[in-house]
Structure formats: C-alpha cells, structure tokens
Number of protein chains: 2
Amino acid sequence: MYRSHTCGELRIEQVGASVILAGWVQRTRRMGGMTFVDLRDRYGITQLVFDEATKKELFLQAEKLGREFVIQVEGTVAERSSKNAKIATGDIEIIVSKLVVLNVSETPPFTIEDETDGGDELRMKYRYLDLRRNVVRKNLELRNRLCFETRQYLINKDFIETETPVLIKSTPEGARDFVVPSRMNPGEFYALPQSPQQFKQLLMVAGFDRYFQLVKCFRDEDLRADRQPEFTQIDCEMSFVEQNDVLEVFEGMIKTIFKNMKGIEFEASFVRMPYAEAMEFYGCDKPDIRFDMRFVDITKEAQTKDFVVFNSAEYVGAICATACAEYTRKELDALTDFVKRPQIGAKGLVYVKYETDGSLKSSVDKFYSQDDLKAWADKLQAKPGDLLLLLSGEKQKTLKQLGELRLEMGNRLGLRDKNVFAPLWVVDFPLLEWDEDAQRFSAMHHPFTSPKPEHVDWVKTQTNLKEVCANAYDLVINGVELGGGSIRIFDKELQAAMFTCLGFTKEKAEYQFGFFMDAFKYGAPPHGGIAFGLDRFVSLLAGLDSIRDCIAFPKNNSGRDVMIDAPSLIDDEQLNELNLMVNLPKD
Amino acid sequence: MYRSHTCGELRIEQVGASVILAGWVQRTRRMGGMTFVDLRDRYGITQLVFDEATKKELFLQAEKLGREFVIQVEGTVAERSSKNAKIATGDIEIIVSKLVVLNVSETPPFTIEDETDGGDELRMKYRYLDLRRNVVRKNLELRNRLCFETRQYLINKDFIETETPVLIKSTPEGARDFVVPSRMNPGEFYALPQSPQQFKQLLMVAGFDRYFQLVKCFRDEDLRADRQPEFTQIDCEMSFVEQNDVLEVFEGMIKTIFKNMKGIEFEASFVRMPYAEAMEFYGCDKPDIRFDMRFVDITKEAQTKDFVVFNSAEYVGAICATACAEYTRKELDALTDFVKRPQIGAKGLVYVKYETDGSLKSSVDKFYSQDDLKAWADKLQAKPGDLLLLLSGEKQKTLKQLGELRLEMGNRLGLRDKNVFAPLWVVDFPLLEWDEDAQRFSAMHHPFTSPKPEHVDWVKTQTNLKEVCANAYDLVINGVELGGGSIRIFDKELQAAMFTCLGFTKEKAEYQFGFFMDAFKYGAPPHGGIAFGLDRFVSLLAGLDSIRDCIAFPKNNSGRDVMIDAPSLIDDEQLNELNLMVNLPKD
C-alpha cells in the first residue's frame, strides 16, 4: 500500500493517527533545526516535518529532496503550532518517521505553481508538467464534471447516448475533411466526421426518439486561437418535436448545469431574440447581452445637414456609453484607432459628448447645431455625462463595426464580468445565404435545416429565397455561440427542393446524399436537434480566454502536438501498404 | 405538440383521457367493422381503434395506412374488452378522433419484427431500419446504460474522465495504425490511436491520480467476427497503486455493474488464477470457469504399455465428461472430427467409456487392460457413466486442443449458460514471449508493463528472460477476455532495460519513445491501470455472439460501412491538397 490517505484529506480530528502519504515535493523550507516539506498530490498539500534534534538521519535525507521528487512517508498526524487557514489541511502536519524516495526529478523547465514562469511553448512541450499545475488541472476537472452533469440530465430525460462511427465517408460540401486511407480497400478513403449530423438523423429514422453523444469531431481548417483540428460536441437529436420542445429541453439542461456547477439559478426563461433583431441592434448573431447599449439608427436625424460622410451613408448608427463624456482626446483617439483597424475597417468615428452641464460637444460641431446633437442624444435616451459614438456607411458593414465597438466599450466599462452569465436564444435565422463567389445560395446552417412552415412553398417553388426563415436556433451566452441546431426536413420532396435551391443537380444530390434520402422513404419522423461546443462551454464556465486550456493535450496553430511531435513522417512500407505516394511540391 | 404521451405510457388509470400519440404503424388488422392499428415507438405499442359505424371517414383513412407509416392521432383512452397481458399498455386502446399521416413509407425491405426475414447483408445496408427492431435497439440501450454505470462508479471513486487526442503519432510497433495525412504539414501524417496508453501514463506523470475514458480506438487489422476497425475501450489508470489496489477497484466496478444491470450479486472475491495454472488446466489464458472439467495429466499412467502414440507423446491429457458414457459411435466420431479440424489440429481422439456397470470400454482396448483404464478413471475422479476424452502430443499444442475440446463438451452438456457469469482474474503473466520469426523477445502485454519486483534484476541483467513474471492481469468472464492491464514501469532505468530486452537500440528507443521517457525524468509516480473492451462487455451482458449487434453502425469484414458506402474515392483536388498520389498495384 502506497498511502493510507491523500494529501488533501487529513484534519485536526486525525491528530495522533499513524498515516502513510505519497506525493510530490512542492517545496522544502529549512527553519532552524527543522525542515518542512510541502507534499502535494491532486487532492491537496500536507506539511511534513523533519526534526534534526530527534531524527537526525531522516532530517539529512529530507535535506536532499528536490522539487518534484516523488516520495512516500510514514508518520504521525500532529497539530500545527502556526496554522494555515488557506489550505484544508492547514491545521495539521506530519511528524515523519520514515521516508522513501519513490522517484527523483530533474529540475522542471518551469515552476509548478499557479503563476508559472513557463512560456506558452515550453508549457505545451512539457504539457504533462503543465497539467500538474492546479489551475490547469482544475479546468479538466470542470470538464469532467460538465460531461457528467450533461449525461445525467439527458439520460434522465430518456436520451440514449449512442456512438456513431469515426471512420465515415467524405462529403466535399462544407469545411475540409480529414481523410484516412483504407488499406483493405485500395485507393479508397474514409473521412473523419465534422459532425455526426447524418447519423443522428438516421437514428431518428431508426426510432431512437432521443439521442445524444459527447463526440469528437474533426475539421481540417486553418486554425485560430479558439479552433482545434479535433473538438468535442454535445450532439443531440429528438423526434416528434417542434422548435419549442427542443428549446425547452435544452434550456432545462443549461439551467441544471449552471445550478449544479456554479450555483447560479436562472429563474426567468431565456430571452428569444430573432436573428434580424440581433443583427439590427447588436450587429452580430451572437450578442453579448450582459449589457444593453443597443444600437440606435439615427440615419434620418443625421442626414439633415451638409455633412457629406453621413449624407452619403446608407446607415448612421450610434451607441450611448454611460458616463463617458469625460473621455480624453487620447481615449477618443484610441477608440478611433480601434474602429479603423483593418479587422474592423471603419473609416472614422464620430463622437458626441453630452456634458454634465447639458451642453453637447462633438467631432462634427461644424456641421450640426446643439439642437441637432440634442435630438440625437434624446433618441439614444442619453443623459448628461454620457458619450455617443457614431459610425456610418454601408449598412451591413456599419452594423458589424458598431458591434465590435459596442463590445470594446463593454470591456472598457467593465460590463463583461466573467462571473455573470447572460444566456439567450437567437431564433428565426435565414435558411439560405447568397454566396457571391459561387453565385448561388448556400445553407446558413446545413442542407437538412427546415424552413418555417409558412415558407415551405417558397422553397418548393424557388421564390423569395432570401426571405425564407429557418427553424433554426443558436444558444448564445456572453457573446459566445455555445450551441446551434434546427428542426430538420423530414419530407423527401422538401429535401429534394432544398438541394435544388442549393444548386445541386439531381444526380449530384443522389451521389452525395443518396443513402440518406433513401432512408427518408421508409417513414422518417419529424425531428430536430442541437449541438453544443463542449470546449467552448468549459472555457465559458472556467472563465478562460482560449479553449486550449480546457483540453488535456491540445494542438498548436499549425495543428501540431509539440509534446509528441505529431504529425510526423511515416515509413515507406506503411505508404506502400496504403498504395500511396507523397508528392511534395517542388521548392 | 406532436404527442401528449408516448406509445408505452398509457394505463388503465388514464381511461377517459384525451391524448395525442405519434409513432409508426406496426400493423393493421380488420375485424368486422373495426380496424385496429398497433402504433409503435421506442417506448412501446398502443392499440388504436377505428370504428366504421361511428367514424366512417376515419375508418377509410385508416384502411390506407401501410406498414411503417408515421402517423399522429388524437383520441380518447378506453378500456379494452380483450386485454393483452403481454404488453404494458395492453389494458387500454385509443378510440381515434383524428388521424394525420406525418410521413408515408415504402414497404421496408425486411419486416420490422424481433424475428425478421432480413438477411445480414440487407440488414446492414438498411441499418436504420434494422435499428427499429426492439431486439437490436435494446442492445444499444444496454450499451448506454453500461457506459453510464461505469462513469458513475468511477467518478464516485475520484476518477477524472479525460479526453486524449485522436490525431496522434504513428508508432511502427504492434498492430497497424490508421494514418491521417496532414495538409498543414505536407508529407506528414497523424495516426489514430490503438489505445491512449502513453497519454494515460502521461496523465499519471501529470498527477491526475485517477484517470478514465470511454474512448474510441483504431486498429488496421484484417477483421474477424469480433473485431472492428474502430472499437471502444473503458480505459483506466491510477497512481500510487500496486496490483491488488487495481484489482480491488475494478472488481468493485464489475460487481456494481452486474448488480445494477443484471441483479446479480457476486459475494465472494473473484478467483485469481496464475497464468501457468490457466494454461496447464484449461489450455488457454482465458478459461471459461462456468464449468469445471479441468485437464488431468495422465502422461505417466498412459506410457506403461505398447501404445506408440502415447509413448512418443510429450503429454497425454484427459478430461472427464460427466454422464456421457452412453455417447454413440456417431457422437464420438463427431468429437473426433471436431478435434481433427485444421483450426484445432489434433491427430485423433482416444475415449474411455466408464460404463454404469463398472466396466471400461475404450478405443485403445488393444493396448490397455481394465486395470489400466480404471487407474486413469480414478485419477480423473470419474464415476460410472462418465466418459474420458484423451489427447496427446507436443504439450503446448495438446493443451490448446484439449482446451477447445473442453469448451465443445461444455457446449454439448449445456454448461455454458449465457445467464450465468463466472468472473476470474488471470494473473502472473510472463513479461516477454519469444518471437520465433523475429528471433527476439516481444512484450506479452506492452513494453511499459513492469516485471514482478523479484524479477527486476533479471530484466536489468538480461537473464532468465523467459521466466520473468509481469505485474499484469486480465479479467476473464465466461471465457471472454473482458479487460487487461498491468502495473507500469515508472523508473526510467528499468524502462531502458526493458527496451533493451525487446531488442531496441538506444537510438531507436529514443526516436520512438523519447518524449515519453523524457517525461519520466520529472518525477513519475508508481502507477498502473486496465482497459476493458466495451463492445465485448455489452455483448456479454446482452448474450450476443458477435460484437456487431451492440454497435449502432458497424463495419463488415472488409472494413466497409455498406450503408453509407465508405470508404470511397476522393477528389483529385483533395489528394493534391494533401500532396498525395494514389499508386494502385498494376493488375
């Protein structure tokens, strides 16, 4: 037996007990004739005492212990003279009677502390040491907990977790697939799933009624901070449901998770905001509603004078930053620089300071009178002391820019507290979006999303396609799209019409989705579902900026695992068996 | 709202209630002026009644319903005049007042019944219809339940479920990897994991203390009935443990699962049988101990006369088949044919009938006297009426053949009841086995398995390698190897010695396992673990002959998914992006 207790377990009640502990040396301190060792494991830290006076030999052994040595000690629990209220075992210490070094350690390349001196790259290369840090491991514990809470909720609601295959068929639509050459079927390839979409729908055809799966998905995309080539979804599907049924079940899931994991109770129903409203007043389809600061359209009011910038604009929009009239020139310049960054792309920023004395001061004073500015301020329900920020131009672009500015102001004003959570359903998405490059429509969610019943005829007759609304919904929390889904098409005629809208010939649709449409011939039930990004969900709950820190072994932005050094070259023999040749571009 | 209740929910208490149901038409029956429809969903079957006399139009509509149509009905719950005690809803029926056909169905290619008329191939092609059958879906429900019970048990024991990556690095050792070309790293490949072995050990180095994961693993092997290219493991690892700690935790898991899922309580501890004993008395390392019938070595007793077959044999072994002395010539010939099949390869079978009158009759009566035969019978503790079956030859081969014969006799005698479960730990495996082809040792489990403490020196000094015992163990139930694991090496010197035993040069070990051995420099704790085959576990609990029926979408013996038709050709554009060329063998 390596231990009788963990390093987080002993309390004042155990004083006098003989115990065996094992763990890592966090640090050693010499004080007079005593050496104190903090012994660490996942569960906590326990202080060990080695006394030179009574146990000289042990004391000398302890002096040789280095950071991260793995040791086992036998000893007696004693009450500490100076207690440490910060840790659960802070009332006691162990008077050591036997010490065994189980394993030595070289000096780690960075300190194993909450605040480490290790840079990102080093931490990734030695990820197994980074994971020793409490702050990192806690994220993984949270992830485990979230997964279990999710399963418990869904299984209680009669969902069956069902594994779908990882080796599937490549479909050229959408993002790029990772492929897997098949040795047994020369020249042919499997693909790794971007999502189990078709399989979960087939499970509905199969009468499974309620399916879910916590499932790895794969996308061969160029990576960003919050993208990984492999990621995990909470993938769900239900039969005999309308949109409201799905929203209720999963709103219940989110509420249960927040209650059980964060002690937060959302009493009211989540806001349901139409897509059009989100775009018009927040400039994006995933508004952060922890704070208000909605856009106000002042196009009409702004186009009354000779200011050509506004007069030539399709749209002039404004937000009101409470109590920011005192912003300095420097602060306003910083905001202007912010909106002019290429990622945002505004030409400039107009401000109106509504001074506390009631006067108005703006960057467009030459063009507008105090009354003009007052009228804008009134439309924004601004109060003296507030600051108006205006952007103008082509409407869709300006809304997007204003959305970025709004989030920036939210940050500056401390309105985006990581401990506050504001959930929201965005509903009534368009079914299709026009793809300028391909000169055809593409599916905003995916080709299996159903149109609203009142728009079915438009799809069948290929009319008003831009106006068709989908039975689609996203769950957004704090500006993060946590999940999305839709009620699916379950009628094979409508599905065929949808493929026509997307520019598929009958042959191409048959080639790509033949088996799937075949399945719909045999009594497909009405069904719909949703998928949540697990990595994002954990990040949100843990207050992380990147999903990387909630993944045990993440990849970097080139898709590399720098710890194991993957991907890597493989043997020619392996390539031959797979009937493949590598054909690197010359130069 | 599509339904107020499921098809398995209504009882006599609800008589008089207005309800809405939805589901599939299982069958329709016309009886006089009534049409009865069995409406089916996952939860059960409810009988619908359409009465010609009172609702002519509905009655006519109902006449047109075909098998597997998806319908929705409104109606009133009524008590049945002739109740059906076989189904939970058998006391009631629904007097239908409204019928909506939600979807039609073509006639399915096979019947959706427990006993279907569909052959294997057809069922796989239309797997979504096969999964509609109760008997198939129940296996998947069982699988879901098993996964949840497993998680609940392990999480209660402080295990953290942690996802390890699917895109990892290829290691040429062991079975063949599936590989995934990396577009972002031209010419390089990821591999899909055969198991997360190294990652779970790294999590121990990371101080996770207790890890588990229900995880997909991949092996590019030629397939058999119980092999799939992708399969699922319950993968576990613990720190600061010795073999007994691991066995106790997982024996507890198995007991909990059997208790909660099958109502079976194993009160005693599982038998722990050394590998050598299993081989000597059952001829295999996964004995089915639902029945006894141990081998008895009668080499000495058999080599007393002029029977050259026995005299030239290294080993003569026998089993005693209770009350089989009455076997006919035909039955004995069938057994002889059985052992002579090429897969088994015995040259012949010797029998001794211990007749009820006390006389003995054998196929070697020419050579042995009644006293000789009686001595054998006594050594096998046979009783009048029993049958002795003897095989002889090279010892290892004969033991294996006798093992097959024993199982066959178990089957014939009905001693292998699928509802009886006999768990067993096989322990004390050899660490290494001699690979005749490669003329070197290979690891019996894997290169990270530790030798018994008393054999560590042999490994370090490369002596007695055939005799080295491993800290390795398998869980066997009913002759199925359900799981296996070991206590790992955690000392980098011993690990290096192990690689030397396996014929690795220092450079090759460094190239293949460098990062892993690096990790062991920084305070690796003692650790060990186990992995269970989930698919096998479900099969065992469900009493299935193949793992295929507990997998939602399995592949066939050529690794094909015949439903989606994968693997398949991919576009040249995809190949170009991956810098690959397909190079099919000519002819």
# chains A, B, ... in the order shown; residues from 1 in each chain; ligands from 1
>>> interface_residues(of="chain B", to="chain A", cutoff="6 Å", atoms="only C-alpha atoms", output="number ranges by chain")
B: 2, 68-70, 103-106, 128-129, 131-132, 144, 161, 168-169, 179-180, 187-190, 202, 206-207, 240, 521-523, 566-569, 579-584
>>> residues_around(residues="Val316 (chain B)", least_positions_apart="3", cutoff="9 Å", atoms="only C-alpha atoms", output="PyMOL selection string")
chain B and resi 296-303+310+313+390-395+398
>>> closest_residue(among="A:Tyr511, A:Phe338, A:Phe59, A:Phe421", to="Phe537 (chain A)", atoms="only C-alpha atoms")
A:Phe421
>>> select_by_dssp(residues="region 316-404 of chain A", states="helix (DSSP H, G or I)", output="MDAnalysis selection string")
chainID A and resid 329:340 370:379 395:404
>>> select_by_dssp(residues="region 251-488 of chain B", states="strand (DSSP E)", output="ChimeraX atom specification")
/B:271-274,296-297,315-321,350-354,360-362,387-393,423-427,432-435,440-443,472-477,480-487
>>> atom_distance(atom1="CA of Lys508 (chain B)", atom2="CA of Pro430 (chain B)")
24.3 Å
>>> residues_around(residues="Asp285 (chain B)", least_positions_apart="2", cutoff="9 Å", atoms="only C-alpha atoms", output="VMD selection string")
chain B and resid 275 to 279 282 to 283 287 426 429 474 476 479 481
